[in-house]
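Chemist: Below is the structure I would like to discuss, written out as structure tokens.
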Amino acid sequence: MLSAESASVVRATLPAVAGALDEITARFYGTMFHDRPELLDGLFNRGNQASGAQRRALAGSIAAFAGAMLDEPDTRPDALLERIAHKHVSVGVTDDQYTIVHKYLFGAIADVLGDAVTPAVAAGWDEVYWLMAGALIGQEARLYHDAGLPAGRVWRQWKVVERRTETPDVVSFVIRPADGEPAPRARAGQYVSVRMLMADGVHQVRQYSLSSAPGGESRRITVKRVAGAGGAPDGEVSNLLYDDVCRGDELTLSAPAGDIVLDGADGSAPVVLVSAGIGCTPLTGMVAHLAALGSVRPVLVLHADRSPADHALRTETRELVERLPNARAVFWYERPGPREPGVRSGLMDLSGIELPDGAAVFLCGPLPFMREVRGQLLAAGVPARRIRYEVFGPDLWLADTAG
């Protein structure tokens, strides 16, 4: 917990610091990458750097952590920290990198706020930083230990044993460890990082959900080719995977990570899986996990997409739902095809959908979709604590859900 002296200073300066965090983090990343360009090689996503998404996520997480320390000084925002720790472990972050970040972040704070950063202000925010960093270092050490990995040593070669086209812009890769050793333990809903060498010699890393049941020696990732919009460039890694990777090729993958997981072996509560677009991938893995277990839990699968042809893993999802004795699915399409049971037209609308009492709800898709559907779920009486969500890329929702 924050010391009384630091809590008083942070409370007084939080509005000013929070208001300047976007400028501070922009200065921080710019200076750090100028001095330490090697950090862009396989650790930071330069697409998210260019769009500002990573900057906003960092600013939001710092503000959320500081606010939580002031509002509930005897507790830590563990949900916020666990989400970040899993992301860090998936790219191999190590303890020493927190010292590097501290140097450039506090240099940026001093540059932006100038004389307002008195010794007392600097000390207060320094305490906030190291409380957050220390908690993350501890969680990351536990995750590395649980995975049986030395800190930062997350990468392993996997061989593509099957490539399958799902839709015109989505492809699945079935992969196995290239060294013939057992696949690492994974949990339904987790993701892996894929590390690719780009044409300019820089490695880039992206996270992809495991879209199959986590047991066995094979894994599957399902990749949507990202097309640039509004002046943004096409997705570097997704297009390289889609265009160039074939059966027999090798991929560099991290150990599985992610805190939004479904452990169905000993659970009995109903499950509601809500997705849109490529957000179906981790939830398909959850349905496959339940089917592999022969689960009798009530399961409700809800998915929205542009059309049946755009719905990746659609047929497989139908087949998995049919294997579960207490499962049903409802799909929404903006451009539906011929009439069929369980299909509705337009955007997802939960009115008229009977949600099972006491359900664990998992939500994945574009952020605007998740905000809208989460509001519908809350209005329908689902407690916020029962709604868990997964975000692709930097989590720009952290500040809203840290509690």
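By order in the structure tokens, chains are A, B, ...; within a chain, residues start at 1; ligands start at 1, following the order shown.
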Tell me, as a PyMOL selection string, which residues lie within 9 Å of A:Pro184, counting only C-alpha atoms; anything in the same chain fewer than 2 positions away does not count.
Modeler: chain A and resi 147+182+186+217+255-256
Chemist: Restrict the selected residues to N, CA and C atoms and save them as a short mmCIF file (atom, residue, chain, number, x, y, z; two decimals), in the first residue's frame.
Modeler:
data_model
loop_
_atom_site.label_atom_id
_atom_site.label_comp_id
_atom_site.auth_asym_id
_atom_site.auth_seq_id
_atom_site.Cartn_x
_atom_site.Cartn_y
_atom_site.Cartn_z
N ALA A 147 4.92 -22.29 -15.70
CA ALA A 147 5.12 -22.80 -17.06
C ALA A 147 6.42 -23.60 -17.18
N PRO A 182 6.73 -32.82 -25.62
CA PRO A 182 5.31 -32.55 -25.35
C PRO A 182 4.97 -31.06 -25.46
N ALA A 186 -1.91 -25.87 -21.68
CA ALA A 186 -2.68 -24.68 -22.05
C ALA A 186 -4.06 -24.79 -21.42
N GLU A 217 -1.37 -32.97 -28.35
CA GLU A 217 -0.07 -32.46 -28.76
C GLU A 217 -0.16 -31.40 -29.85
N ALA A 255 4.98 -19.63 -24.92
CA ALA A 255 4.14 -20.48 -24.09
C ALA A 255 2.75 -19.85 -23.98
N PRO A 256 1.71 -20.65 -23.75
CA PRO A 256 0.36 -20.08 -23.63
C PRO A 256 0.26 -19.11 -22.45
#
Chemist: As a PyMOL selection string, please: every residue in stretch 117-246 of chain A that DSSP puts in strand (DSSP E or B).
Modeler: chain A and resi 156-167+170-177+188+191-197+203-210+219-224
Chemist: Using only C-alpha atoms, what table do you get, as a tab-separated table, when you list each residue of stretch 226-314 of chain A with an atom no more than 7 Å from stretch 159-177 of chain A, its nearest pair of atoms, and their distance in Å rounded to one decimal, rows by chain then rising number?
Modeler:
residue	atom	partner	partner_atom	distance
A:Tyr242	CA	A:Val171	CA	6.6
A:Cys246	CA	A:Arg163	CA	6.3
A:Arg247	CA	A:Val160	CA	5.1
A:Gly248	CA	A:Val160	CA	5.3
A:Asp249	CA	A:Val160	CA	5.5
A:Glu250	CA	A:Lys159	CA	4.4
A:Leu251	CA	A:Lys159	CA	6.3
A:Ala309	CA	A:Thr167	CA	6.5
A:Asp310	CA	A:Thr167	CA	5.9
A:Ala312	CA	A:Glu166	CA	5.5
A:Leu313	CA	A:Glu166	CA	6.5
Chemist: Dump C-alpha atoms for the selected residues as a compact mmCIF listing (two decimals), in the first residue's frame?
Modeler:
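Generated output (again.txt):
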# COMPACT_ATOMS: atom_id res chain seq x y z
CA TYR A 242 -1.89 -15.36 -44.33
CA CYS A 246 2.19 -23.03 -45.45
CA ARG A 247 2.11 -26.63 -44.26
CA GLY A 248 5.61 -27.74 -43.29
CA ASP A 249 6.81 -24.28 -42.27
CA GLU A 250 7.94 -23.48 -38.75
CA LEU A 251 6.61 -20.73 -36.48
CA ALA A 309 -19.64 -16.45 -45.18
CA ASP A 310 -17.66 -14.10 -42.92
CA ALA A 312 -15.02 -18.08 -39.15
CA LEU A 313 -15.37 -21.55 -37.58
Chemist: Extract, using only C-alpha atoms, all DNA, RNA and protein residues at most 12 Å from A:Val361, discarding same-chain residues fewer than 4 positions from it, and format them as a ChimeraX atom specification.
Modeler: /A:260-262,269-275,283,286,298-302,355-357,370,373-374,377-378,382-390
Chemist: For C-alpha atoms, I'd like the residues from the last selection saved as a compact mmCIF listing (two decimals), in the first residue's frame.
Modeler:
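Listed below is the output, selection.txt:
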# COMPACT_ATOMS: atom_id res chain seq x y z
CA ILE A 260 -9.57 -15.24 -19.37
CA VAL A 261 -9.91 -19.00 -19.14
CA LEU A 262 -12.58 -21.63 -18.77
CA ALA A 269 -22.30 -23.14 -13.55
CA PRO A 270 -23.88 -22.23 -16.88
CA VAL A 271 -21.59 -20.66 -19.48
CA VAL A 272 -22.50 -17.85 -21.90
CA LEU A 273 -20.00 -17.20 -24.71
CA VAL A 274 -20.53 -13.90 -26.55
CA SER A 275 -18.44 -12.86 -29.57
CA LEU A 283 -14.64 -18.93 -27.32
CA MET A 286 -13.80 -23.04 -24.87
CA PRO A 298 -25.75 -25.34 -19.78
CA VAL A 299 -23.94 -23.48 -22.59
CA LEU A 300 -25.25 -20.55 -24.62
CA VAL A 301 -23.17 -19.43 -27.64
CA LEU A 302 -23.99 -15.98 -29.04
CA LEU A 355 -29.85 -15.88 -20.15
CA PRO A 356 -29.29 -18.69 -17.62
CA ASP A 357 -29.13 -17.67 -13.99
CA MET A 370 -18.15 -5.35 -26.16
CA VAL A 373 -23.20 -5.95 -25.25
CA ARG A 374 -21.80 -5.57 -21.74
CA LEU A 377 -25.91 -7.88 -20.10
CA LEU A 378 -25.86 -5.53 -17.11
CA VAL A 382 -25.99 -10.11 -15.09
CA PRO A 383 -23.60 -8.94 -12.31
CA ALA A 384 -20.48 -7.18 -13.58
CA ARG A 385 -18.26 -9.62 -11.68
CA ARG A 386 -19.58 -12.48 -13.82
CA ILE A 387 -18.64 -10.80 -17.13
CA ARG A 388 -15.09 -11.48 -18.26
CA TYR A 389 -13.66 -10.16 -21.48
CA GLU A 390 -10.69 -10.62 -23.81
Chemist: Which one is closest to A:Arg335: A:Arg371, A:Arg36, A:His289, A:Arg306? Count only C-alpha atoms.
Modeler: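 For A:Arg335, the nearest of the candidates is A:Arg306.
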Chemist: Show which residues sit within 7 Å of A:Ala291, as number ranges by chain. Count only C-alpha atoms, and ignore same-chain residues fewer than 4 positions away.
Modeler: A: 287, 295, 320, 323-324
Chemist: Pick out the residues sitting within 9 Å of A:Ile278, and hand them over as a PDB file with N, CA and C atoms, in the first residue's frame; count only C-alpha atoms, and ignore anything fewer than 5 positions along from it in its own chain.
Modeler:
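Result went into selection-v8.pdb, see below:
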ATOM      1  N   VAL A 170      -9.656 -15.290 -43.425  1.00  0.00           N
ATOM      2  CA  VAL A 170      -9.280 -15.962 -42.183  1.00  0.00           C
ATOM      3  C   VAL A 170      -8.713 -17.340 -42.505  1.00  0.00           C
ATOM      4  N   THR A 222      -6.108 -19.263 -35.248  1.00  0.00           N
ATOM      5  CA  THR A 222      -6.917 -18.828 -36.376  1.00  0.00           C
ATOM      6  C   THR A 222      -6.678 -17.342 -36.562  1.00  0.00           C
ATOM      7  N   VAL A 223      -6.203 -16.963 -37.741  1.00  0.00           N
ATOM      8  CA  VAL A 223      -5.668 -15.627 -37.994  1.00  0.00           C
ATOM      9  C   VAL A 223      -6.529 -14.904 -39.025  1.00  0.00           C
ATOM     10  N   LYS A 224      -6.966 -13.712 -38.675  1.00  0.00           N
ATOM     11  CA  LYS A 224      -7.683 -12.853 -39.627  1.00  0.00           C
ATOM     12  C   LYS A 224      -6.696 -11.872 -40.246  1.00  0.00           C
ATOM     13  N   ASP A 305     -21.870 -11.351 -36.736  1.00  0.00           N
ATOM     14  CA  ASP A 305     -20.920 -11.207 -37.834  1.00  0.00           C
ATOM     15  C   ASP A 305     -21.596 -10.496 -38.990  1.00  0.00           C
ATOM     16  N   HIS A 311     -18.296 -15.595 -41.124  1.00  0.00           N
ATOM     17  CA  HIS A 311     -18.256 -16.172 -39.775  1.00  0.00           C
ATOM     18  C   HIS A 311     -17.245 -17.318 -39.739  1.00  0.00           C
ATOM     19  N   ALA A 312     -16.057 -17.044 -39.253  1.00  0.00           N
ATOM     20  CA  ALA A 312     -15.020 -18.076 -39.153  1.00  0.00           C
ATOM     21  C   ALA A 312     -15.436 -19.148 -38.151  1.00  0.00           C
ATOM     22  N   CYS A 364     -15.840 -11.464 -26.166  1.00  0.00           N
ATOM     23  CA  CYS A 364     -14.676 -11.163 -26.994  1.00  0.00           C
ATOM     24  C   CYS A 364     -15.122 -10.619 -28.343  1.00  0.00           C
ATOM     25  N   GLY A 365     -14.496  -9.528 -28.774  1.00  0.00           N
ATOM     26  CA  GLY A 365     -14.819  -8.913 -30.049  1.00  0.00           C
ATOM     27  C   GLY A 365     -14.295  -7.492 -30.077  1.00  0.00           C
ATOM     28  N   PRO A 366     -14.656  -6.721 -31.096  1.00  0.00           N
ATOM     29  CA  PRO A 366     -14.229  -5.321 -31.148  1.00  0.00           C
ATOM     30  C   PRO A 366     -14.720  -4.565 -29.917  1.00  0.00           C
TER      31      PRO A 366
END
Chemist: Smallest atom-to-atom distance to A:Val101: which of A:Gln207, A:Ala379, A:Phe65, A:Thr31, using only C-alpha atoms?
Modeler: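 Once distances to A:Val101 are computed over only C-alpha atoms, the minimum belongs to A:Thr31.
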Chemist: I'd like the neighbourhood of A:Thr118 as a list in words, where a residue qualifies if any of its atoms comes within 12 Å (using only C-alpha atoms), though same-chain residues fewer than 5 positions away should be ignored.
Modeler: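 Residues near the query, excluding close chain neighbours: Val9, Thr13, Ile109, Ala110, Leu113, Ala123, Gly124, Trp125 and Asp126 of chain A.
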Chemist: List every residue of stretch 148-273 of chain A that DSSP, applied to the backbone of this structure, places in helix (DSSP H, G or I), and write the result as a ChimeraX atom specification.
Modeler: /A:236-244
Chemist: Between atom CA of A:Ile84 and atom CA of A:Glu23, what distance in Å does the model show, to one decimal?
Modeler: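 Calculated distance between atom CA of A:Ile84 and atom CA of A:Glu23 is 21.5 Å.
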Chemist: Which value, in Å to one decimal, gives the distance between atom CA of A:Gly337 and atom CA of A:Ala304?
Modeler: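 Atom CA of A:Ala304 lies 13.7 Å from atom CA of A:Gly337.
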Chemist: Restricting the calculation to only C-alpha atoms: of A:Ala122, A:Ala85, A:Val205, A:Ile100, which residue gets closest to A:Asn45?
Modeler: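 Closest to A:Asn45 of all the choices is A:Val205.
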Chemist: My list of candidates is A:Gly42, A:Ser351, A:Ala108, A:Ser193. Which is closest to A:Ala20 when distances are computed with only C-alpha atoms?
Modeler: A:Ala108
Chemist: Taking only C-alpha atoms into account, name the residue in A:Gly201, A:Gly189, A:Pro73, A:Gly114 that is nearest to A:Ser8.
Modeler: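 When distances to A:Ser8 are compared using only C-alpha atoms, the smallest one comes from A:Pro73.
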Chemist: What is the atom CA of A:Gly215 to atom CA of A:Arg142 distance in Å?
Modeler: 22.3 Å
Chemist: Counting only C-alpha atoms, what is within 8 Å of A:Met1, bar same-chain residues fewer than 6 positions away, as a PDB file with N, CA and C atoms, in the first residue's frame?
Modeler:
ATOM      1  N   MET A  69      -5.086   2.470  -5.780  1.00  0.00           N
ATOM      2  CA  MET A  69      -4.310   2.579  -4.552  1.00  0.00           C
ATOM      3  C   MET A  69      -4.891   3.637  -3.609  1.00  0.00           C
ATOM      4  N   PRO A  73      -6.798   1.441  -0.367  1.00  0.00           N
ATOM      5  CA  PRO A  73      -5.365   1.350  -0.073  1.00  0.00           C
ATOM      6  C   PRO A  73      -4.913   0.003   0.483  1.00  0.00           C
ATOM      7  N   ASP A  74      -5.843  -0.795   1.008  1.00  0.00           N
ATOM      8  CA  ASP A  74      -5.447  -2.076   1.600  1.00  0.00           C
ATOM      9  C   ASP A  74      -5.524  -3.235   0.618  1.00  0.00           C
ATOM     10  N   THR A  75      -5.906  -2.963  -0.621  1.00  0.00           N
ATOM     11  CA  THR A  75      -6.008  -4.025  -1.620  1.00  0.00           C
ATOM     12  C   THR A  75      -5.250  -3.613  -2.875  1.00  0.00           C
ATOM     13  N   ARG A  76      -4.996  -4.600  -3.736  1.00  0.00           N
ATOM     14  CA  ARG A  76      -4.372  -4.328  -5.030  1.00  0.00           C
ATOM     15  C   ARG A  76      -5.372  -4.651  -6.136  1.00  0.00           C
ATOM     16  N   LEU A 131       5.510   0.076  -6.692  1.00  0.00           N
ATOM     17  CA  LEU A 131       4.471  -0.820  -6.180  1.00  0.00           C
ATOM     18  C   LEU A 131       3.858  -1.617  -7.326  1.00  0.00           C
TER      19      LEU A 131
END
